[in-house]
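Right, one structure below, let's go through it.
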Amino acid sequence: MTAPAPTPHDPGRRVPEALGESEAFVAFQGRLSRAAKVDRPVLLVGERGTGKELAAIRLHYLSARWNGPLVTLNCAALSPTLIETELFGHEAGAFTGAAGERAGRFEVASEGTLVLDEIGRIPLEAQVKILRVVEYRTFERVGGSHPIQVDTRIVGATNADLAALAHEGRFLPDLLDRLSFEVLVLPSLRERGEDIPLLANHFAARMAHELGREGIPEFTDHAMATLLGHVWPGNVRELKNVVERAVYLADGCRIERIVLNPFHGTMAPAPATVTVSGEPRAQAPVTRESQSLPEAVKALEVASMREALEAARYNQRRAAKRLGLTYHQFRGLYRKYADELRQE
């Protein structure tokens, strides 16, 4: 059984906007615009949730191929046995169930762009054929012997270290050389902390509209400080989910509650055990009767910030670096705890 035939993106579709004004974001968009105009392969490298798919779409529509097809294949979603068929298509009778011939993604994307998401997951056998397409623009369908010419630009996207995979023998060095004409590294949200308010307000307004609410959502200082102080391992995608949840939970336009982890408190940990007289006995969970959890978190954050400031001789940028925060995330926490931090 084969997957449905691939279909290109609508050439008349509107290009999604990329939002940001931070130095890291603007610098990346400049590099992307420059790379889009050169008809060569591009690798997009970034953490999960940084917007690699959006960057690939912008690459296509800013290029001379903007009026051609834009085709995407998620290489992690297919078994190794299916990837080759999806990429190169097959002839009738090539395998059980192949009743007719079928074009692969390279054919469908000819004169346009083929985005290979999670490109590091492609098996070596298929990599060899991709290398041939990149070098000679020709391939054969599975079960076929007739060469097919294509003119397809490849954009690879990954959060893996392809150079390390090549060193381990899991990615062809020659293919990596051909695909890495330009390597664009998407900045994490930690590197573009000043974009958090802009993105949060954008996602909040969109969610409020989706819910049919009137008025523009507004974050309290405490809520925005929470957003600025979070590390965001899931980057923009995580921020979007958190903001949409906050709008959904809010009774009106004023957003006070930020739930960073919706699973917190849903599963009670198993009680620890101690051994008394050689027999295991359940140990009661440790509780803080005199201090609530928010108070404990606040005390820890204030103490950590005070220690970092002292170690950095009160240089806030160096203190932020010691804590693994961006300068703007640190400033958000500093404003939140300004009174406590000023106390001797």
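Chain lettering (A, B, ...) mirrors the order of the structure tokens, residue numbering begins at 1 for each chain separately, and ligand numbering begins at 1 in order of display.
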
Please report as a tab-separated table every residue of segment 18-85 of chain A lying within 10 Å of segment 161-180 of chain A, along with the nearest atom pair and their distance in Å (one decimal), using only C-alpha atoms.
residue	atom	partner	partner_atom	distance
A:Arg40	CA	A:Leu179	CA	8.1
A:Pro41	CA	A:Leu179	CA	5.1
A:Val42	CA	A:Ser180	CA	5.9
A:Leu43	CA	A:Ser180	CA	5.9
A:Leu44	CA	A:Ser180	CA	9.4
A:Val45	CA	A:Asp161	CA	8.5
A:Gly46	CA	A:Asp161	CA	9.8

Problem - Residue neighbourhood segment 51-62 of chain A, 10 Å, only C-alpha atoms, exclusion window fewer than 2 positions, as number ranges by chain - result: A: 9, 11, 13-18, 28-29, 32-37, 42-49, 64-72, 112-117, 153, 155-159, 184-188, 235-237

Store the residues of this selection in a file with N, CA and C atoms, as a short mmCIF file (atom, residue, chain, number, x, y, z; two decimals), in the first residue's frame.
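So the final result, stored in out-v7.cif, reads:
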data_model
loop_
_atom_site.label_atom_id
_atom_site.label_comp_id
_atom_site.auth_asym_id
_atom_site.auth_seq_id
_atom_site.Cartn_x
_atom_site.Cartn_y
_atom_site.Cartn_z
N HIS A 9 1.95 22.86 -3.09
CA HIS A 9 1.23 23.96 -2.47
C HIS A 9 0.65 24.86 -3.55
N PRO A 11 0.28 27.87 -5.69
CA PRO A 11 1.19 28.98 -5.98
C PRO A 11 0.59 30.33 -5.63
N ARG A 13 -1.09 31.06 -2.93
CA ARG A 13 -1.32 31.21 -1.49
C ARG A 13 -0.55 32.41 -0.95
N ARG A 14 -1.04 32.94 0.14
CA ARG A 14 -0.38 34.07 0.79
C ARG A 14 0.78 33.57 1.61
N VAL A 15 1.91 34.28 1.52
CA VAL A 15 3.10 33.87 2.27
C VAL A 15 2.89 34.22 3.74
N PRO A 16 3.03 33.26 4.67
CA PRO A 16 2.87 33.56 6.09
C PRO A 16 3.92 34.58 6.55
N GLU A 17 3.50 35.46 7.44
CA GLU A 17 4.43 36.48 7.94
C GLU A 17 5.32 35.89 9.03
N ALA A 18 6.54 36.40 9.06
CA ALA A 18 7.46 36.06 10.15
C ALA A 18 7.54 37.28 11.05
N PHE A 28 18.74 36.89 10.83
CA PHE A 28 18.39 35.63 10.18
C PHE A 28 17.55 35.89 8.94
N GLN A 29 16.56 36.76 9.02
CA GLN A 29 15.71 37.05 7.87
C GLN A 29 16.51 37.65 6.73
N LEU A 32 18.28 34.76 5.10
CA LEU A 32 17.32 33.94 4.37
C LEU A 32 16.95 34.60 3.03
N SER A 33 16.70 35.90 3.05
CA SER A 33 16.35 36.61 1.81
C SER A 33 17.48 36.53 0.80
N ARG A 34 18.71 36.65 1.28
CA ARG A 34 19.86 36.59 0.38
C ARG A 34 20.01 35.19 -0.22
N ALA A 35 19.84 34.16 0.62
CA ALA A 35 19.98 32.78 0.14
C ALA A 35 18.87 32.40 -0.82
N ALA A 36 17.67 32.96 -0.64
CA ALA A 36 16.53 32.60 -1.47
C ALA A 36 16.78 32.91 -2.94
N LYS A 37 17.55 33.95 -3.20
CA LYS A 37 17.75 34.41 -4.58
C LYS A 37 18.81 33.61 -5.33
N VAL A 42 19.75 24.59 0.29
CA VAL A 42 19.88 25.29 1.57
C VAL A 42 19.51 24.33 2.69
N LEU A 43 20.26 24.38 3.77
CA LEU A 43 19.92 23.62 4.97
C LEU A 43 19.42 24.57 6.05
N LEU A 44 18.27 24.26 6.62
CA LEU A 44 17.71 25.02 7.74
C LEU A 44 17.91 24.20 9.00
N VAL A 45 18.67 24.74 9.93
CA VAL A 45 19.00 24.03 11.16
C VAL A 45 18.46 24.81 12.35
N GLY A 46 17.75 24.13 13.23
CA GLY A 46 17.22 24.83 14.39
C GLY A 46 16.53 23.88 15.35
N GLU A 47 16.35 24.33 16.59
CA GLU A 47 15.66 23.54 17.60
C GLU A 47 14.19 23.38 17.20
N ARG A 48 13.54 22.44 17.85
CA ARG A 48 12.11 22.23 17.57
C ARG A 48 11.35 23.50 17.94
N GLY A 49 10.38 23.82 17.09
CA GLY A 49 9.53 24.96 17.38
C GLY A 49 10.09 26.31 16.98
N ALA A 64 13.27 32.78 -7.24
CA ALA A 64 12.77 32.88 -8.61
C ALA A 64 11.82 31.74 -8.94
N ARG A 65 11.74 30.75 -8.07
CA ARG A 65 10.84 29.61 -8.28
C ARG A 65 9.48 29.81 -7.62
N TRP A 66 9.17 31.03 -7.19
CA TRP A 66 7.97 31.29 -6.39
C TRP A 66 6.69 30.83 -7.07
N ASN A 67 6.68 30.82 -8.42
CA ASN A 67 5.47 30.44 -9.13
C ASN A 67 5.41 28.94 -9.42
N GLY A 68 6.45 28.20 -9.00
CA GLY A 68 6.46 26.76 -9.18
C GLY A 68 5.93 26.06 -7.95
N PRO A 69 5.89 24.74 -7.99
CA PRO A 69 5.34 23.98 -6.86
C PRO A 69 6.26 24.00 -5.63
N LEU A 70 5.65 23.98 -4.47
CA LEU A 70 6.36 23.82 -3.19
C LEU A 70 5.85 22.53 -2.57
N VAL A 71 6.73 21.54 -2.47
CA VAL A 71 6.35 20.20 -2.01
C VAL A 71 7.17 19.87 -0.77
N THR A 72 6.51 19.31 0.24
CA THR A 72 7.18 18.98 1.50
C THR A 72 7.04 17.49 1.80
N GLY A 112 10.27 23.76 -9.07
CA GLY A 112 9.92 24.39 -7.80
C GLY A 112 10.88 23.99 -6.71
N THR A 113 10.35 23.81 -5.50
CA THR A 113 11.18 23.53 -4.32
C THR A 113 10.67 22.28 -3.61
N LEU A 114 11.60 21.43 -3.22
CA LEU A 114 11.28 20.25 -2.42
C LEU A 114 11.88 20.42 -1.03
N VAL A 115 11.03 20.46 -0.01
CA VAL A 115 11.48 20.62 1.37
C VAL A 115 11.53 19.24 2.01
N LEU A 116 12.72 18.83 2.44
CA LEU A 116 12.90 17.55 3.12
C LEU A 116 13.04 17.82 4.61
N ASP A 117 11.92 17.70 5.32
CA ASP A 117 11.92 17.93 6.76
C ASP A 117 12.50 16.70 7.46
N ARG A 153 14.80 22.35 -6.63
CA ARG A 153 15.68 22.90 -5.59
C ARG A 153 15.37 22.21 -4.27
N VAL A 155 15.54 22.01 -0.20
CA VAL A 155 15.72 22.71 1.07
C VAL A 155 15.59 21.65 2.16
N GLY A 156 16.65 21.42 2.91
CA GLY A 156 16.62 20.45 4.00
C GLY A 156 16.38 21.14 5.33
N ALA A 157 15.64 20.51 6.21
CA ALA A 157 15.37 21.06 7.54
C ALA A 157 15.66 19.99 8.59
N THR A 158 16.31 20.38 9.67
CA THR A 158 16.67 19.40 10.69
C THR A 158 17.02 20.09 12.00
N ASN A 159 16.88 19.34 13.09
CA ASN A 159 17.41 19.80 14.38
C ASN A 159 18.58 18.92 14.81
N LEU A 184 21.52 27.85 7.18
CA LEU A 184 20.87 28.90 7.95
C LEU A 184 20.43 28.35 9.29
N VAL A 185 20.96 28.92 10.36
CA VAL A 185 20.64 28.47 11.71
C VAL A 185 19.56 29.38 12.29
N LEU A 186 18.40 28.81 12.56
CA LEU A 186 17.31 29.61 13.11
C LEU A 186 17.58 29.94 14.58
N PRO A 187 17.44 31.19 14.97
CA PRO A 187 17.68 31.55 16.37
C PRO A 187 16.59 30.98 17.27
N SER A 188 16.99 30.52 18.44
CA SER A 188 16.01 30.05 19.42
C SER A 188 15.30 31.25 20.03
N ASN A 235 10.43 26.73 22.13
CA ASN A 235 10.55 27.92 21.31
C ASN A 235 9.19 28.53 20.95
N VAL A 236 9.05 29.06 19.73
CA VAL A 236 7.85 29.81 19.37
C VAL A 236 6.61 28.94 19.43
N ARG A 237 6.73 27.67 19.05
CA ARG A 237 5.57 26.78 19.10
C ARG A 237 5.07 26.64 20.53
#

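Nearest residue to Arg213 of chain A, choosing from A:Glu194, A:Asp251, A:Glu307, A:Glu238 and counting only C-alpha atoms: A:Asp251.
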
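Between Arg206 of chain A and the residues A:His230, A:Lys336, A:Arg192, A:Lys240, the shortest atom-to-atom distance, using only C-alpha atoms, involves A:Lys240.
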
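Residues lying within 9 Å of Ala303 of chain A, counting only C-alpha atoms and ignoring same-chain neighbours fewer than 5 positions away, are A:Lys298, A:Ala308, A:Leu341.
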
Handout entry: Near-His328 of chain A list (10 Å; only C-alpha atoms; drop same-chain fewer than 2 positions) as a ChimeraX atom specification
Key = /A:190-196,225,228-229,316-317,320,325-326,330-334

Same residues, C-alpha atoms, output as a compact mmCIF listing (two decimals), in the first residue's frame:
# COMPACT_ATOMS: atom_id res chain seq x y z
CA ARG A 190 16.08 32.42 24.10
CA GLU A 191 18.19 34.43 21.66
CA ARG A 192 15.33 36.73 20.69
CA GLY A 193 13.77 37.47 24.08
CA GLU A 194 12.71 40.98 23.05
CA ASP A 195 10.35 39.39 20.51
CA ILE A 196 8.36 37.60 23.21
CA ALA A 225 7.24 38.73 33.42
CA LEU A 228 9.90 36.72 29.73
CA GLY A 229 11.41 34.61 32.49
CA GLN A 316 23.12 42.47 34.50
CA ARG A 317 24.15 41.07 31.12
CA ALA A 320 21.83 36.84 32.86
CA LEU A 325 18.81 33.62 30.46
CA THR A 326 18.69 36.26 27.75
CA PHE A 330 16.65 38.63 33.15
CA ARG A 331 15.28 42.17 33.00
CA GLY A 332 11.75 40.81 33.23
CA LEU A 333 12.59 38.95 36.42
CA TYR A 334 14.55 41.93 37.75

Exercise for the section: For segment 79-92 of chain A, please output as a ChimeraX atom specification all residues within 12 Å (counting only C-alpha atoms; exclusion window: fewer than 5 positions along the same chain). Expected result: /A:1-7,71-74,97-110,114-116,119,121-130,132-133,138-150,152,154

Can you write just those residues out, C-alpha atoms, as a JSON list (two decimals), in the first residue's frame?
[["chain", "number", "residue", "atom", "x", "y", "z"],
["A", 1, "MET", "CA", 0.00, 0.00, 0.00],
["A", 2, "THR", "CA", 1.39, 3.40, -0.98],
["A", 3, "ALA", "CA", 0.73, 6.84, 0.41],
["A", 4, "PRO", "CA", -1.55, 9.26, -1.49],
["A", 5, "ALA", "CA", 0.04, 11.09, -4.40],
["A", 6, "PRO", "CA", 1.77, 14.28, -3.27],
["A", 7, "THR", "CA", 0.24, 17.62, -4.20],
["A", 71, "VAL", "CA", 6.35, 20.20, -2.01],
["A", 72, "THR", "CA", 7.18, 18.98, 1.50],
["A", 73, "LEU", "CA", 8.09, 15.52, 2.78],
["A", 74, "ASN", "CA", 8.44, 14.74, 6.48],
["A", 97, "GLY", "CA", 0.07, -3.23, -4.70],
["A", 98, "ALA", "CA", 1.72, -0.97, -7.31],
["A", 99, "ALA", "CA", -1.12, -1.16, -9.81],
["A", 100, "GLY", "CA", 0.00, 1.89, -11.80],
["A", 101, "GLU", "CA", 2.87, 4.30, -12.12],
["A", 102, "ARG", "CA", 3.16, 7.11, -9.62],
["A", 103, "ALA", "CA", 5.23, 10.27, -9.62],
["A", 104, "GLY", "CA", 7.42, 10.94, -6.59],
["A", 105, "ARG", "CA", 8.09, 14.20, -4.79],
["A", 106, "PHE", "CA", 11.08, 15.10, -6.96],
["A", 107, "GLU", "CA", 8.90, 14.96, -10.09],
["A", 108, "VAL", "CA", 6.02, 16.86, -8.56],
["A", 109, "ALA", "CA", 8.40, 19.56, -7.30],
["A", 110, "SER", "CA", 10.22, 20.00, -10.63],
["A", 114, "LEU", "CA", 11.28, 20.25, -2.42],
["A", 115, "VAL", "CA", 11.48, 20.62, 1.37],
["A", 116, "LEU", "CA", 12.90, 17.55, 3.12],
["A", 119, "ILE", "CA", 16.44, 15.20, 6.47],
["A", 121, "ARG", "CA", 16.34, 10.55, 9.12],
["A", 122, "ILE", "CA", 16.71, 9.53, 5.45],
["A", 123, "PRO", "CA", 18.34, 6.07, 5.11],
["A", 124, "LEU", "CA", 21.70, 5.81, 3.35],
["A", 125, "GLU", "CA", 20.28, 3.92, 0.35],
["A", 126, "ALA", "CA", 17.96, 6.81, -0.48],
["A", 127, "GLN", "CA", 20.73, 9.33, 0.20],
["A", 128, "VAL", "CA", 22.77, 7.79, -2.62],
["A", 129, "LYS", "CA", 19.92, 8.40, -5.08],
["A", 130, "ILE", "CA", 19.37, 11.95, -3.78],
["A", 132, "ARG", "CA", 22.67, 11.61, -7.97],
["A", 133, "VAL", "CA", 19.66, 13.92, -8.39],
["A", 138, "THR", "CA", 18.21, 12.67, -13.09],
["A", 139, "PHE", "CA", 16.90, 9.50, -11.43],
["A", 140, "GLU", "CA", 14.84, 6.40, -12.10],
["A", 141, "ARG", "CA", 11.57, 5.48, -10.48],
["A", 142, "VAL", "CA", 11.43, 2.41, -8.25],
["A", 143, "GLY", "CA", 11.07, -0.58, -10.59],
["A", 144, "GLY", "CA", 11.92, 1.51, -13.64],
["A", 145, "SER", "CA", 14.91, 1.88, -15.97],
["A", 146, "HIS", "CA", 13.97, 5.05, -17.83],
["A", 147, "PRO", "CA", 15.87, 8.15, -16.62],
["A", 148, "ILE", "CA", 13.70, 11.09, -15.57],
["A", 149, "GLN", "CA", 15.03, 14.65, -15.71],
["A", 150, "VAL", "CA", 13.96, 17.14, -13.04],
["A", 152, "THR", "CA", 14.15, 20.76, -8.31],
["A", 154, "ILE", "CA", 16.22, 21.06, -2.31]]

Exercise for the section: Figure out the distance between atom CA of Arg257 of chain A and atom CA of Ala200 of chain A, please, to one decimal in Å. Expected result: 13.6 Å

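Of note, atom CA of Pro197 of chain A and atom CA of Leu227 of chain A are spaced 8.2 Å apart.
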
Practice task
as an MDAnalysis selection string, list the residues of segment 128-215 of chain A assigned to helix (DSSP H, G or I) by DSSP on the backbone atoms of this structure.
Solution key: chainID A and resid 128:136 162:167 173:179 189:210

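DSSP on the backbone gives strand (DSSP E) for these parts of segment 101-213 of chain A: Thr113, Leu114, Val115, Leu116, Asp117, Thr138, Phe139, Ile148, Gln149, Arg153, Ile154, Val155, Gly156, Ala157, Thr158, Glu182, Val183, Leu184 and Val185 of chain A.
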
Exercise for the section: For Ala223 of chain A, list every protein, DNA or RNA residue within 8 Å, evaluated using only C-alpha atoms, and leave out those in the same chain fewer than 2 positions away; present the list as a count of residues only. Expected result: 10

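Here atom CA of Glu21 of chain A and atom CA of Gln329 of chain A stand 15.8 Å from one another.
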
Handout entry: Which of A:Ala205, A:Val231, A:Val38, A:Leu198 sits closest to Ala246 of chain A [using only C-alpha atoms]
Key = A:Ala205

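Taking only C-alpha atoms, the non-local environment of Arg318 of chain A within 9 Å (same-chain residues fewer than 6 positions away omitted) comprises Ala308, Leu309, Ala311, Ala312 and Tyr327 of chain A.
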